[in-house]
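Novice: So here's entry_31.cif (mmCIF, C-alpha atoms and all ligand atoms).
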data_coords
loop_
_atom_site.label_atom_id
_atom_site.label_comp_id
_atom_site.auth_asym_id
_atom_site.auth_seq_id
_atom_site.Cartn_x
_atom_site.Cartn_y
_atom_site.Cartn_z
CA MET A 1 -6.76 -15.98 11.18
CA ARG A 2 -5.38 -12.53 11.19
CA LEU A 3 -6.54 -9.22 12.61
CA ARG A 4 -5.12 -5.89 11.57
CA PHE A 5 -5.67 -2.76 13.62
CA VAL A 6 -6.45 -0.48 10.69
CA GLY A 7 -7.33 2.20 13.22
CA CYS A 8 -7.20 2.06 17.00
CA GLY A 9 -7.64 5.71 17.95
CA ASP A 10 -10.30 7.59 19.84
CA ALA A 11 -12.73 10.14 18.40
CA PHE A 12 -10.21 12.98 18.57
CA GLY A 13 -7.23 11.60 16.68
CA SER A 14 -5.19 11.27 19.90
CA GLY A 15 -1.62 10.30 19.06
CA GLY A 16 -2.39 10.82 15.35
CA ARG A 17 -4.26 7.51 15.31
CA TYR A 18 -7.07 6.65 12.94
CA ASN A 19 -10.60 6.00 14.21
CA THR A 20 -11.63 2.47 15.19
CA CYS A 21 -11.50 -0.12 12.42
CA PHE A 22 -10.22 -3.70 12.66
CA HIS A 23 -9.84 -5.95 9.63
CA VAL A 24 -10.22 -9.70 10.16
CA THR A 25 -9.27 -12.26 7.52
CA GLY A 26 -9.30 -16.03 7.61
CA GLU A 27 -9.68 -18.89 5.20
CA LYS A 28 -13.26 -18.00 4.44
CA VAL A 29 -13.87 -14.62 6.08
CA ASN A 30 -13.00 -11.02 5.35
CA PHE A 31 -14.72 -8.48 7.54
CA LEU A 32 -14.42 -5.22 9.43
CA ILE A 33 -15.22 -4.50 13.03
CA ASP A 34 -16.28 -0.84 13.12
CA CYS A 35 -15.65 1.69 10.39
CA GLY A 36 -14.86 5.09 11.88
CA ALA A 37 -14.80 8.32 9.89
CA SER A 38 -11.15 7.98 8.85
CA SER A 39 -11.34 4.30 7.93
CA LEU A 40 -11.37 4.43 4.12
CA PRO A 41 -8.01 6.26 3.88
CA ALA A 42 -6.67 4.01 6.65
CA LEU A 43 -7.77 0.87 4.76
CA LYS A 44 -6.15 2.12 1.56
CA ARG A 45 -2.96 3.01 3.42
CA ASN A 46 -2.84 -0.67 4.48
CA GLY A 47 -3.47 -1.86 0.93
CA ILE A 48 -6.92 -3.19 1.78
CA GLY A 49 -9.45 -2.75 -0.98
CA GLY A 50 -13.01 -2.24 0.20
CA ASP A 51 -14.19 -4.72 -2.45
CA GLU A 52 -12.73 -7.70 -0.57
CA ILE A 53 -14.80 -6.99 2.53
CA ASP A 54 -17.96 -9.07 2.88
CA LEU A 55 -19.21 -7.84 6.24
CA VAL A 56 -18.97 -4.77 8.46
CA LEU A 57 -19.95 -5.05 12.13
CA ILE A 58 -20.77 -1.73 13.77
CA THR A 59 -20.77 -1.38 17.58
CA HIS A 60 -22.54 2.00 17.84
CA PHE A 61 -23.32 5.17 15.94
CA HIS A 62 -20.59 7.54 17.10
CA GLY A 63 -18.67 8.94 14.14
CA ASP A 64 -15.37 7.36 15.18
CA HIS A 65 -16.96 3.89 14.84
CA PHE A 66 -19.62 4.36 12.16
CA GLY A 67 -18.77 7.51 10.19
CA GLY A 68 -16.65 5.75 7.56
CA LEU A 69 -19.56 3.81 6.10
CA PRO A 70 -20.76 6.53 3.68
CA PHE A 71 -17.23 6.74 2.23
CA LEU A 72 -16.95 2.95 1.99
CA MET A 73 -20.34 2.75 0.28
CA LEU A 74 -19.59 5.53 -2.19
CA ASP A 75 -16.19 4.02 -2.99
CA ALA A 76 -17.91 0.68 -3.65
CA GLN A 77 -20.40 2.35 -5.99
CA PHE A 78 -17.71 4.20 -7.95
CA ASN A 79 -15.56 1.07 -8.14
CA ARG A 80 -18.48 -0.88 -9.60
CA ARG A 81 -18.56 -3.39 -6.80
CA THR A 82 -20.65 -6.45 -7.56
CA ARG A 83 -19.85 -8.58 -4.52
CA PRO A 84 -22.67 -8.57 -1.94
CA LEU A 85 -22.04 -6.63 1.27
CA VAL A 86 -23.57 -7.13 4.71
CA ILE A 87 -23.60 -4.32 7.26
CA ALA A 88 -24.70 -5.34 10.75
CA GLY A 89 -25.17 -3.18 13.80
CA PRO A 90 -27.52 -2.01 16.53
CA GLN A 91 -31.21 -1.22 16.22
CA GLY A 92 -31.70 1.72 13.85
CA ILE A 93 -28.71 1.03 11.64
CA GLU A 94 -30.64 1.19 8.38
CA LEU A 95 -31.99 4.69 9.07
CA ARG A 96 -28.70 5.92 10.56
CA LEU A 97 -26.78 4.79 7.50
CA GLU A 98 -29.22 6.47 5.15
CA GLN A 99 -29.08 9.71 7.17
CA ALA A 100 -25.28 9.70 7.30
CA MET A 101 -25.02 9.07 3.55
CA GLU A 102 -27.48 11.85 2.78
CA ALA A 103 -25.73 14.30 5.16
CA LEU A 104 -22.32 13.68 3.62
CA PHE A 105 -23.12 12.89 -0.04
CA GLU A 106 -26.58 14.05 -1.00
CA ASN A 107 -28.66 11.45 -2.90
CA SER A 108 -25.97 8.79 -2.42
CA SER A 109 -28.29 6.50 -0.48
CA LYS A 110 -30.80 6.52 -3.37
CA ARG A 111 -28.44 5.67 -6.22
CA GLU A 112 -28.86 2.31 -7.81
CA ARG A 113 -26.13 -0.14 -6.81
CA ARG A 114 -24.64 -3.01 -8.74
CA PHE A 115 -24.14 -4.94 -5.52
CA GLU A 116 -26.58 -6.38 -3.07
CA LEU A 117 -26.54 -4.59 0.28
CA ARG A 118 -28.03 -6.42 3.23
CA ILE A 119 -28.50 -4.54 6.49
CA VAL A 120 -28.83 -6.71 9.60
CA THR A 121 -30.03 -5.44 12.97
CA LEU A 122 -28.29 -6.97 15.97
CA ALA A 123 -29.72 -7.02 19.47
CA PRO A 124 -28.22 -7.86 22.86
CA ALA A 125 -28.13 -11.57 23.68
CA ALA A 126 -29.48 -12.54 20.26
CA ALA A 127 -26.69 -14.48 18.57
CA ALA A 128 -26.61 -14.08 14.81
CA SER A 129 -24.96 -16.05 12.02
CA LEU A 130 -23.53 -13.86 9.31
CA GLY A 131 -22.03 -16.29 6.84
CA GLU A 132 -19.13 -17.97 8.65
CA VAL A 133 -19.20 -15.36 11.42
CA GLU A 134 -21.19 -16.06 14.59
CA VAL A 135 -21.71 -12.92 16.61
CA THR A 136 -23.20 -12.55 20.07
CA PRO A 137 -23.93 -8.91 20.97
CA PHE A 138 -23.80 -7.65 24.55
CA SER A 139 -25.33 -4.42 25.80
CA MET A 140 -22.67 -1.85 26.76
CA VAL A 141 -22.89 1.37 28.81
CA HIS A 142 -21.73 4.46 26.92
CA GLY A 143 -24.00 7.42 27.63
CA ASP A 144 -27.31 8.48 26.18
CA SER A 145 -26.66 9.39 22.54
CA GLY A 146 -25.30 7.36 19.65
CA GLY A 147 -26.62 4.07 20.92
CA PRO A 148 -27.73 1.37 21.32
CA PHE A 149 -24.19 0.37 22.33
CA LEU A 150 -23.03 -3.14 21.62
CA GLY A 151 -19.92 -5.15 22.39
CA TYR A 152 -19.32 -8.29 20.36
CA ARG A 153 -18.20 -11.81 21.08
CA ILE A 154 -17.35 -13.19 17.67
CA GLU A 155 -16.79 -16.85 16.93
CA VAL A 156 -15.08 -17.44 13.66
CA GLU A 157 -13.05 -20.32 12.24
CA GLY A 158 -12.67 -21.89 15.69
CA ARG A 159 -11.49 -18.71 17.39
CA ILE A 160 -13.15 -16.21 19.72
CA ILE A 161 -12.56 -12.50 19.21
CA ALA A 162 -14.22 -10.22 21.76
CA PHE A 163 -14.48 -6.45 21.41
CA THR A 164 -15.91 -4.07 23.99
CA GLY A 165 -16.75 -1.24 21.59
CA ASP A 166 -16.96 1.88 23.75
CA THR A 167 -18.17 1.37 27.30
CA GLU A 168 -17.67 2.06 30.96
CA TRP A 169 -17.35 -0.98 33.20
CA THR A 170 -20.33 -3.33 33.07
CA ASP A 171 -20.46 -6.93 34.29
CA ALA A 172 -21.54 -7.87 30.77
CA LEU A 173 -17.85 -7.58 29.85
CA ILE A 174 -17.18 -10.79 31.76
CA PRO A 175 -19.22 -13.15 29.55
CA LEU A 176 -18.32 -11.05 26.53
CA GLY A 177 -14.61 -11.63 26.95
CA ARG A 178 -14.38 -14.83 28.97
CA ASP A 179 -11.57 -17.11 27.77
CA ALA A 180 -11.50 -15.29 24.42
CA ASP A 181 -8.53 -16.00 22.17
CA LEU A 182 -8.35 -12.25 21.68
CA PHE A 183 -10.03 -9.67 23.89
CA ILE A 184 -9.78 -6.15 22.51
CA SER A 185 -10.75 -3.66 25.15
CA GLU A 186 -11.23 0.06 24.97
CA CYS A 187 -9.05 1.79 27.55
CA TYR A 188 -9.48 5.51 27.45
CA PHE A 189 -7.80 6.40 30.74
CA TYR A 190 -5.17 4.92 33.04
CA ASP A 191 -6.87 5.25 36.42
CA LYS A 192 -9.24 8.19 36.05
CA SER A 193 -12.86 7.13 36.46
CA VAL A 194 -15.15 8.82 33.98
CA LYS A 195 -18.60 8.03 32.71
CA ASN A 196 -18.92 6.17 29.41
CA HIS A 197 -15.34 4.85 29.16
CA LEU A 198 -13.03 2.31 30.79
CA ASN A 199 -9.75 2.86 32.54
CA LEU A 200 -6.92 0.35 32.83
CA LYS A 201 -7.11 -0.03 36.59
CA THR A 202 -10.78 -1.02 36.48
CA LEU A 203 -10.15 -3.44 33.63
CA GLN A 204 -7.20 -5.03 35.43
CA ALA A 205 -9.29 -5.50 38.57
CA HIS A 206 -11.61 -7.75 36.56
CA LEU A 207 -9.15 -9.61 34.36
CA ALA A 208 -9.12 -12.67 36.61
CA GLU A 209 -12.86 -13.04 35.96
CA ILE A 210 -12.55 -12.47 32.23
CA ARG A 211 -9.44 -14.64 31.74
CA PRO A 212 -8.74 -13.69 28.11
CA LYS A 213 -5.96 -15.63 26.41
CA ARG A 214 -4.70 -12.40 24.97
CA LEU A 215 -5.68 -8.82 25.82
CA ILE A 216 -4.96 -5.86 23.58
CA LEU A 217 -5.89 -2.31 24.55
CA THR A 218 -7.38 0.13 22.05
CA HIS A 219 -9.18 3.51 21.90
CA MET A 220 -6.63 5.15 24.19
CA GLY A 221 -6.72 8.84 25.00
CA GLU A 222 -3.64 11.02 25.55
CA ASP A 223 -3.51 9.97 29.22
CA MET A 224 -3.02 6.31 28.32
CA LEU A 225 -0.84 6.93 25.27
CA GLY A 226 1.59 8.86 27.45
CA ARG A 227 2.04 5.82 29.70
CA LEU A 228 2.46 3.06 27.12
CA ASP A 229 6.15 2.60 27.95
CA SER A 230 5.40 1.89 31.59
CA ILE A 231 2.36 -0.41 31.47
CA ALA A 232 2.58 -4.18 31.36
CA CYS A 233 -0.34 -4.66 28.96
CA GLU A 234 -0.18 -5.09 25.23
CA ALA A 235 -1.55 -2.07 23.37
CA ALA A 236 -2.62 -1.69 19.75
CA CYS A 237 -1.08 0.67 17.26
CA ASP A 238 -2.29 1.51 13.78
CA GLY A 239 -1.24 -1.07 11.22
CA MET A 240 -0.44 -3.74 13.83
CA VAL A 241 -1.18 -7.27 12.60
CA ILE A 242 -1.70 -10.24 14.86
CA ASP A 243 -2.30 -13.90 14.20
CA ILE A 244 -5.09 -15.45 16.21
ZN ZN A 301 -15.13 5.83 20.27
ZN ZN A 302 -18.44 6.06 21.34
#
Here is the file; what I need is its structure written in the form of structure tokens.
Specialist:
Amino acid sequence: MRLRFVGCGDAFGSGGRYNTCFHVTGEKVNFLIDCGASSLPALKRNGIGGDEIDLVLITHFHGDHFGGLPFLMLDAQFNRRTRPLVIAGPQGIELRLEQAMEALFENSSKRERRFELRIVTLAPAAAASLGEVEVTPFSMVHGDSGGPFLGYRIEVEGRIIAFTGDTEWTDALIPLGRDADLFISECYFYDKSVKNHLNLKTLQAHLAEIRPKRLILTHMGEDMLGRLDSIACEAACDGMVIDI
């Protein structure tokens, strides 16, 4: 199994990084975790055609995690996609997707498609099977707009991938990431405590409880990016590929 950090940036392009989008491929799976506004050009830069993707998991409705979907959908329509596509995310995803498509490309949500689109609503603690992908959503803490906010523990082809999405510290991160083969954690700041996001010091204080087999930091702001040479943790960069 392989995961590529197509984009690992924050909402503001810090460090010139693309918005959040991870591409996971295995023997039987090909899916995205989040699809931020810049994700279609980032996917194409990495030679990934949208047509191969069977599933997109969305953590929340902020543009840097969700805003690429209208572009992905339109690209699929123009490329005459026939392969079915599943988009799964928090409560309200069907309406949010329609609104985003209409805001960016008027009438695009109403056009007839050659492919079957299935929208799946995910809820905290309700595990869902999406083909070969088993996902358990956890409720995250990330402010009062753009939610519900979910983090995902994903079981696929015998591996566990856990992703925080965007969140401040919550004890739900412990079961979300416990013993995961790969735990991808947002890490906006180094030690500054702010609402809605995590900092490295807080994360490190809990790592002994989470015990991930491998931790990779993502969604770093300028504060963290400026310290990458001096921290002991592994951090993502755009285009990075890892075997799980
Ligand atoms: Zn974000
Ligand atoms: Zn967010």
Novice: Using all atoms listed in the file, find each protein or nucleic acid residue lying at most 8 Å from ligand ZN 301 (chain A); present the set as a PyMOL selection string.
Specialist: chain A and resi 9-11+19-20+62-65+165-166+219
Novice: Residues of the last selection are to be written out with C-alpha atoms, as a PDB file, keeping the file's coordinate frame.
Specialist:
ATOM      1  CA  GLY A   9      -7.640   5.710  17.950  1.00  0.00           C
ATOM      2  CA  ASP A  10     -10.300   7.590  19.840  1.00  0.00           C
ATOM      3  CA  ALA A  11     -12.730  10.140  18.400  1.00  0.00           C
ATOM      4  CA  ASN A  19     -10.600   6.000  14.210  1.00  0.00           C
ATOM      5  CA  THR A  20     -11.630   2.470  15.190  1.00  0.00           C
ATOM      6  CA  HIS A  62     -20.590   7.540  17.100  1.00  0.00           C
ATOM      7  CA  GLY A  63     -18.670   8.940  14.140  1.00  0.00           C
ATOM      8  CA  ASP A  64     -15.370   7.360  15.180  1.00  0.00           C
ATOM      9  CA  HIS A  65     -16.960   3.890  14.840  1.00  0.00           C
ATOM     10  CA  GLY A 165     -16.750  -1.240  21.590  1.00  0.00           C
ATOM     11  CA  ASP A 166     -16.960   1.880  23.750  1.00  0.00           C
ATOM     12  CA  HIS A 219      -9.180   3.510  21.900  1.00  0.00           C
TER      13      HIS A 219
END
Novice: Restrict the calculation to all atoms listed in the file, then for each residue of chain A with any atom at most 12 Å from an atom of ligand ZN 302 (chain A) give the closest atom pair and their distance in Å to one decimal, rows by chain and rising residue number, as JSON lines.
Specialist:
{"residue": "A:Gly9", "atom": "CA", "partner": "A:ZN302", "partner_atom": "ZN", "distance": 11.3}
{"residue": "A:Asp10", "atom": "CA", "partner": "A:ZN302", "partner_atom": "ZN", "distance": 8.4}
{"residue": "A:Ala11", "atom": "CA", "partner": "A:ZN302", "partner_atom": "ZN", "distance": 7.6}
{"residue": "A:Phe12", "atom": "CA", "partner": "A:ZN302", "partner_atom": "ZN", "distance": 11.1}
{"residue": "A:Asn19", "atom": "CA", "partner": "A:ZN302", "partner_atom": "ZN", "distance": 10.6}
{"residue": "A:Thr20", "atom": "CA", "partner": "A:ZN302", "partner_atom": "ZN", "distance": 9.9}
{"residue": "A:Asp34", "atom": "CA", "partner": "A:ZN302", "partner_atom": "ZN", "distance": 10.9}
{"residue": "A:Gly36", "atom": "CA", "partner": "A:ZN302", "partner_atom": "ZN", "distance": 10.2}
{"residue": "A:Ile58", "atom": "CA", "partner": "A:ZN302", "partner_atom": "ZN", "distance": 11.1}
{"residue": "A:Thr59", "atom": "CA", "partner": "A:ZN302", "partner_atom": "ZN", "distance": 8.7}
{"residue": "A:His60", "atom": "CA", "partner": "A:ZN302", "partner_atom": "ZN", "distance": 6.7}
{"residue": "A:Phe61", "atom": "CA", "partner": "A:ZN302", "partner_atom": "ZN", "distance": 7.3}
{"residue": "A:His62", "atom": "CA", "partner": "A:ZN302", "partner_atom": "ZN", "distance": 5.0}
{"residue": "A:Gly63", "atom": "CA", "partner": "A:ZN302", "partner_atom": "ZN", "distance": 7.8}
{"residue": "A:Asp64", "atom": "CA", "partner": "A:ZN302", "partner_atom": "ZN", "distance": 7.0}
{"residue": "A:His65", "atom": "CA", "partner": "A:ZN302", "partner_atom": "ZN", "distance": 7.0}
{"residue": "A:Phe66", "atom": "CA", "partner": "A:ZN302", "partner_atom": "ZN", "distance": 9.4}
{"residue": "A:Gly67", "atom": "CA", "partner": "A:ZN302", "partner_atom": "ZN", "distance": 11.2}
{"residue": "A:Met140", "atom": "CA", "partner": "A:ZN302", "partner_atom": "ZN", "distance": 10.5}
{"residue": "A:Val141", "atom": "CA", "partner": "A:ZN302", "partner_atom": "ZN", "distance": 9.9}
{"residue": "A:His142", "atom": "CA", "partner": "A:ZN302", "partner_atom": "ZN", "distance": 6.7}
{"residue": "A:Gly143", "atom": "CA", "partner": "A:ZN302", "partner_atom": "ZN", "distance": 8.5}
{"residue": "A:Asp144", "atom": "CA", "partner": "A:ZN302", "partner_atom": "ZN", "distance": 10.4}
{"residue": "A:Ser145", "atom": "CA", "partner": "A:ZN302", "partner_atom": "ZN", "distance": 8.9}
{"residue": "A:Gly146", "atom": "CA", "partner": "A:ZN302", "partner_atom": "ZN", "distance": 7.2}
{"residue": "A:Gly147", "atom": "CA", "partner": "A:ZN302", "partner_atom": "ZN", "distance": 8.4}
{"residue": "A:Pro148", "atom": "CA", "partner": "A:ZN302", "partner_atom": "ZN", "distance": 10.4}
{"residue": "A:Phe149", "atom": "CA", "partner": "A:ZN302", "partner_atom": "ZN", "distance": 8.1}
{"residue": "A:Leu150", "atom": "CA", "partner": "A:ZN302", "partner_atom": "ZN", "distance": 10.3}
{"residue": "A:Gly151", "atom": "CA", "partner": "A:ZN302", "partner_atom": "ZN", "distance": 11.4}
{"residue": "A:Thr164", "atom": "CA", "partner": "A:ZN302", "partner_atom": "ZN", "distance": 10.8}
{"residue": "A:Gly165", "atom": "CA", "partner": "A:ZN302", "partner_atom": "ZN", "distance": 7.5}
{"residue": "A:Asp166", "atom": "CA", "partner": "A:ZN302", "partner_atom": "ZN", "distance": 5.0}
{"residue": "A:Thr167", "atom": "CA", "partner": "A:ZN302", "partner_atom": "ZN", "distance": 7.6}
{"residue": "A:Glu168", "atom": "CA", "partner": "A:ZN302", "partner_atom": "ZN", "distance": 10.4}
{"residue": "A:Glu186", "atom": "CA", "partner": "A:ZN302", "partner_atom": "ZN", "distance": 10.1}
{"residue": "A:Tyr188", "atom": "CA", "partner": "A:ZN302", "partner_atom": "ZN", "distance": 10.9}
{"residue": "A:Lys195", "atom": "CA", "partner": "A:ZN302", "partner_atom": "ZN", "distance": 11.5}
{"residue": "A:Asn196", "atom": "CA", "partner": "A:ZN302", "partner_atom": "ZN", "distance": 8.1}
{"residue": "A:His197", "atom": "CA", "partner": "A:ZN302", "partner_atom": "ZN", "distance": 8.5}
{"residue": "A:Leu198", "atom": "CA", "partner": "A:ZN302", "partner_atom": "ZN", "distance": 11.5}
{"residue": "A:His219", "atom": "CA", "partner": "A:ZN302", "partner_atom": "ZN", "distance": 9.6}
Novice: What gap, in Å, lies between atom CA of Leu95 of chain A and atom CA of Ile119 of chain A?
Specialist: 10.2 Å
Novice: Using Å and a single decimal, report how far atom CA of Arg2 of chain A sits from atom CA of Asp229 of chain A.
Specialist: 25.4 Å
Novice: Please report the interatomic distance between atom CA of Pro124 of chain A and atom CA of Ser109 of chain A in Å with one decimal.
Specialist: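 Atom CA of Ser109 of chain A lies 27.4 Å from atom CA of Pro124 of chain A.
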Novice: Could you check the closest approach to Ser230 of chain A for each of A:Tyr190, A:Ala100, A:Leu57, A:Ile93 and tell me which residue wins, using only C-alpha atoms?
Specialist: A:Tyr190
Novice: Between A:Phe105, A:Leu200, A:Arg114, A:Gly68, which one has atoms that come closest to Arg80 of chain A, using only C-alpha atoms?
Specialist: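 Among the listed residues, the smallest separation from Arg80 of chain A belongs to A:Arg114.
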Novice: Find the residue from A:Val135, A:Met1, A:Ala37, A:Ala125 that sits nearest to Arg159 of chain A; use only C-alpha atoms when measuring.
Specialist: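 Of all the options, A:Met1 lies closest to Arg159 of chain A.
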Novice: Using all atoms listed in the file, pick whichever of A:Gln99, A:Ser14, A:Thr121, A:Asn30 has the shortest atom-to-atom distance to Ile53 of chain A.
Specialist: A:Asn30
Novice: Could you complete segment 140-150 of chain A so that it carries all heavy atoms, and give it back as a compact mmCIF listing (two decimals), in the coordinates of the input?
Specialist:
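That gives us result_33.txt:
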# COMPACT_ATOMS: atom_id res chain seq x y z
N MET A 140 -23.72 -2.61 26.09
CA MET A 140 -22.67 -1.85 26.76
C MET A 140 -23.25 -0.55 27.34
O MET A 140 -24.39 -0.18 27.06
CB MET A 140 -21.54 -1.54 25.76
CG MET A 140 -20.85 -2.79 25.22
SD MET A 140 -19.83 -3.63 26.46
CE MET A 140 -20.76 -5.11 26.81
N VAL A 141 -22.43 0.16 28.11
CA VAL A 141 -22.89 1.37 28.81
C VAL A 141 -22.00 2.53 28.35
O VAL A 141 -20.81 2.58 28.68
CB VAL A 141 -22.78 1.19 30.33
CG1 VAL A 141 -23.29 2.44 31.06
CG2 VAL A 141 -23.55 -0.04 30.79
N HIS A 142 -22.58 3.45 27.57
CA HIS A 142 -21.73 4.46 26.92
C HIS A 142 -22.48 5.78 26.72
O HIS A 142 -22.35 6.44 25.69
CB HIS A 142 -21.23 3.86 25.60
CG HIS A 142 -20.25 4.70 24.85
ND1 HIS A 142 -19.12 5.24 25.42
CD2 HIS A 142 -20.21 5.09 23.53
CE1 HIS A 142 -18.45 5.92 24.50
NE2 HIS A 142 -19.09 5.84 23.35
N GLY A 143 -23.33 6.13 27.70
CA GLY A 143 -24.00 7.42 27.63
C GLY A 143 -25.39 7.32 27.06
O GLY A 143 -26.00 6.25 27.02
N ASP A 144 -25.91 8.47 26.59
CA ASP A 144 -27.31 8.48 26.18
C ASP A 144 -27.52 8.96 24.74
O ASP A 144 -28.63 9.24 24.34
CB ASP A 144 -28.15 9.32 27.16
CG ASP A 144 -27.56 10.70 27.34
OD1 ASP A 144 -26.72 11.10 26.51
OD2 ASP A 144 -27.95 11.38 28.31
N SER A 145 -26.45 9.08 23.96
CA SER A 145 -26.66 9.39 22.54
C SER A 145 -25.69 8.59 21.70
O SER A 145 -24.55 8.36 22.11
CB SER A 145 -26.48 10.89 22.28
OG SER A 145 -25.14 11.24 22.54
N GLY A 146 -26.16 8.15 20.55
CA GLY A 146 -25.30 7.36 19.65
C GLY A 146 -25.46 5.87 19.83
O GLY A 146 -24.76 5.09 19.19
N GLY A 147 -26.39 5.48 20.69
CA GLY A 147 -26.62 4.07 20.92
C GLY A 147 -27.73 3.53 20.05
O GLY A 147 -28.17 4.23 19.15
N PRO A 148 -28.19 2.30 20.29
CA PRO A 148 -27.73 1.37 21.32
C PRO A 148 -26.24 1.03 21.16
O PRO A 148 -25.70 1.08 20.06
CB PRO A 148 -28.58 0.12 21.07
CG PRO A 148 -29.71 0.55 20.22
CD PRO A 148 -29.24 1.72 19.44
N PHE A 149 -25.62 0.68 22.31
CA PHE A 149 -24.19 0.37 22.33
C PHE A 149 -24.00 -1.12 22.49
O PHE A 149 -24.49 -1.71 23.44
CB PHE A 149 -23.52 1.10 23.48
CG PHE A 149 -23.84 2.57 23.50
CD1 PHE A 149 -24.75 3.09 24.41
CD2 PHE A 149 -23.27 3.42 22.56
CE1 PHE A 149 -25.07 4.44 24.39
CE2 PHE A 149 -23.59 4.77 22.53
CZ PHE A 149 -24.50 5.28 23.46
N LEU A 150 -23.25 -1.70 21.56
CA LEU A 150 -23.03 -3.14 21.62
C LEU A 150 -21.54 -3.46 21.71
O LEU A 150 -20.70 -2.73 21.16
CB LEU A 150 -23.61 -3.83 20.38
CG LEU A 150 -25.12 -3.69 20.17
CD1 LEU A 150 -25.54 -4.36 18.87
CD2 LEU A 150 -25.90 -4.27 21.36
